[in-house]
Amino acid sequence: LEQAGEYRITFTATDADGQTAQKTVIIHVLNKNRAPAIVRYQPPQSTVQVAPFQRVDFRVEAIDLDGDELSYAWYLNDDLYSTESAWTFIVPPDLRDNTQVFVSVSDGYETVSRYWSLYVLKTHVDLSSFVAQTEKGIVRIEWKAREPELEGFNLYRSQDNHEFFKINHTVIPTTSHGDYHYQDIPLYYAPILYYRLETVAKDGSKTIVGSISVN
């Protein structure tokens, strides 16, 4: 009896005179399934601070001690976005604070979950677009912003989305029309490059207002 459920078993006894008697018993086999377990996940923190246009990579690694096939479901609030073990989310500029991301992992019998809360960096800049494209080894970065009382911008680059280096030598000054572009020539190859946009206020204070990635 390898499967959980209700089973009826009939026992038959026969004596020396050929007389028989039967007895039916009901056996309840309990489900001994072991729930899957999430053993690794990314990001590691449950509260994630994000910037508009930022790429956020979510992933989980799960195991099932019974060897059951696992299924995955990624949700943003209550909307299903992916059924893979990993999901990449691009932060829209209008994302609300305390947006919930969660993943459920099921073996068909039981489900385990992992939750994240997203909080958007507060800025005084209205960043309406922030994009990058690569052509012949040159990365062209463009953005549109309304920036009252700003001195300008800085751009930072990373190949691992952790350690960033400023790529402009002087502050990129503001313009009256609010359209900006910058050409970056990376000195090394990386399958993905990450960029961050930083504002520089007239008092010298600095704030990261956007993050993007480009292949």
# chains A, B, ... in the order shown; residues from 1 in each chain; ligands from 1
>>> residues_around(residues="region 88-99 of chain A", least_positions_apart="4", cutoff="10 Å", atoms="only C-alpha atoms", output="ChimeraX atom specification")
/A:47-59,76-77,81-82,116-122,126-130,210-213
>>> residues_around(residues="Asn33 (chain A)", least_positions_apart="4", cutoff="10 Å", atoms="only C-alpha atoms", output="PyMOL selection string")
chain A and resi 3-4+64-66+68+107-110
>>> select_by_dssp(residues="region 107-178 of chain A", states="strand (DSSP E)", output="count of residues only")
42
>>> residues_around(residues="region 151-166 of chain A", least_positions_apart="6", cutoff="6 Å", atoms="only C-alpha atoms", output="VMD selection string")
chain A and resid 172 to 174 193 to 202
>>> atom_distance(atom1="CA of Val139 (chain A)", atom2="CA of Gln42 (chain A)")
27.6 Å
>>> closest_residue(among="A:Thr10, A:Arg140, A:Ala37, A:Ile208", to="Thr24 (chain A)", atoms="only C-alpha atoms")
A:Thr10
>>> atom_distance(atom1="CA of Pro43 (chain A)", atom2="CA of Val209 (chain A)")
20.0 Å
>>> residues_around(residues="Ser85 (chain A)", least_positions_apart="6", cutoff="9 Å", atoms="only C-alpha atoms", output="list in words")
Phe58, Arg59, Val60, Glu61, Ala62, Ser71, Tyr72, Ala73, Trp74, Val103 and Val105 of chain A
>>> closest_residue(among="A:Gly178, A:Pro44, A:Gly137, A:Gly67", to="Arg114 (chain A)", atoms="only C-alpha atoms")
A:Pro44
>>> atom_distance(atom1="CA of Leu80 (chain A)", atom2="CA of Tyr41 (chain A)")
18.6 Å
>>> decode(residues="region 58-75 of chain A", atoms="N, CA, C and O atoms", output="mmCIF file, in the first residue's frame")
data_model
loop_
_atom_site.group_PDB
_atom_site.id
_atom_site.type_symbol
_atom_site.label_atom_id
_atom_site.label_comp_id
_atom_site.auth_asym_id
_atom_site.auth_seq_id
_atom_site.Cartn_x
_atom_site.Cartn_y
_atom_site.Cartn_z
ATOM 1 N N PHE A 58 14.976 37.365 -8.898
ATOM 2 C CA PHE A 58 14.461 36.498 -7.839
ATOM 3 C C PHE A 58 14.693 35.046 -8.245
ATOM 4 O O PHE A 58 14.475 34.671 -9.399
ATOM 5 N N ARG A 59 15.109 34.242 -7.289
ATOM 6 C CA ARG A 59 15.261 32.809 -7.573
ATOM 7 C C ARG A 59 15.207 32.023 -6.270
ATOM 8 O O ARG A 59 15.530 32.546 -5.194
ATOM 9 N N VAL A 60 14.792 30.785 -6.374
ATOM 10 C CA VAL A 60 14.803 29.879 -5.237
ATOM 11 C C VAL A 60 15.364 28.533 -5.678
ATOM 12 O O VAL A 60 15.272 28.152 -6.845
ATOM 13 N N GLU A 61 15.943 27.850 -4.734
ATOM 14 C CA GLU A 61 16.371 26.454 -4.943
ATOM 15 C C GLU A 61 15.649 25.616 -3.909
ATOM 16 O O GLU A 61 15.733 25.889 -2.704
ATOM 17 N N ALA A 62 14.910 24.610 -4.365
ATOM 18 C CA ALA A 62 14.108 23.787 -3.469
ATOM 19 C C ALA A 62 14.432 22.313 -3.668
ATOM 20 O O ALA A 62 14.876 21.898 -4.747
ATOM 21 N N ILE A 63 14.217 21.540 -2.623
ATOM 22 C CA ILE A 63 14.431 20.096 -2.682
ATOM 23 C C ILE A 63 13.180 19.390 -2.167
ATOM 24 O O ILE A 63 12.373 19.974 -1.429
ATOM 25 N N ASP A 64 13.015 18.129 -2.575
ATOM 26 C CA ASP A 64 11.925 17.299 -2.092
ATOM 27 C C ASP A 64 12.508 15.937 -1.732
ATOM 28 O O ASP A 64 13.033 15.222 -2.608
ATOM 29 N N LEU A 65 12.434 15.591 -0.456
ATOM 30 C CA LEU A 65 13.058 14.354 0.021
ATOM 31 C C LEU A 65 12.367 13.100 -0.499
ATOM 32 O O LEU A 65 12.932 12.011 -0.441
ATOM 33 N N ASP A 66 11.145 13.237 -1.018
ATOM 34 C CA ASP A 66 10.441 12.097 -1.603
ATOM 35 C C ASP A 66 10.730 11.944 -3.090
ATOM 36 O O ASP A 66 10.258 11.000 -3.720
ATOM 37 N N GLY A 67 11.472 12.901 -3.657
ATOM 38 C CA GLY A 67 11.768 12.845 -5.084
ATOM 39 C C GLY A 67 10.628 13.286 -5.969
ATOM 40 O O GLY A 67 10.646 13.033 -7.183
ATOM 41 N N ASP A 68 9.620 13.953 -5.377
ATOM 42 C CA ASP A 68 8.478 14.421 -6.178
ATOM 43 C C ASP A 68 8.911 15.572 -7.081
ATOM 44 O O ASP A 68 9.779 16.374 -6.726
ATOM 45 N N GLU A 69 8.273 15.665 -8.244
ATOM 46 C CA GLU A 69 8.531 16.785 -9.142
ATOM 47 C C GLU A 69 7.939 18.050 -8.550
ATOM 48 O O GLU A 69 6.814 18.049 -8.054
ATOM 49 N N LEU A 70 8.691 19.132 -8.606
ATOM 50 C CA LEU A 70 8.268 20.386 -7.992
ATOM 51 C C LEU A 70 7.759 21.366 -9.043
ATOM 52 O O LEU A 70 8.268 21.418 -10.162
ATOM 53 N N SER A 71 6.775 22.139 -8.672
ATOM 54 C CA SER A 71 6.266 23.213 -9.525
ATOM 55 C C SER A 71 6.426 24.538 -8.792
ATOM 56 O O SER A 71 6.406 24.589 -7.554
ATOM 57 N N TYR A 72 6.569 25.624 -9.572
ATOM 58 C CA TYR A 72 6.842 26.942 -9.005
ATOM 59 C C TYR A 72 5.800 27.930 -9.518
ATOM 60 O O TYR A 72 5.298 27.802 -10.642
ATOM 61 N N ALA A 73 5.513 28.937 -8.709
ATOM 62 C CA ALA A 73 4.598 30.009 -9.119
ATOM 63 C C ALA A 73 5.051 31.300 -8.449
ATOM 64 O O ALA A 73 5.137 31.367 -7.221
ATOM 65 N N TRP A 74 5.362 32.305 -9.285
ATOM 66 C CA TRP A 74 5.798 33.613 -8.795
ATOM 67 C C TRP A 74 4.663 34.608 -8.932
ATOM 68 O O TRP A 74 4.049 34.730 -9.994
ATOM 69 N N TYR A 75 4.402 35.356 -7.871
ATOM 70 C CA TYR A 75 3.313 36.324 -7.849
ATOM 71 C C TYR A 75 3.837 37.709 -7.469
ATOM 72 O O TYR A 75 4.721 37.843 -6.609
#
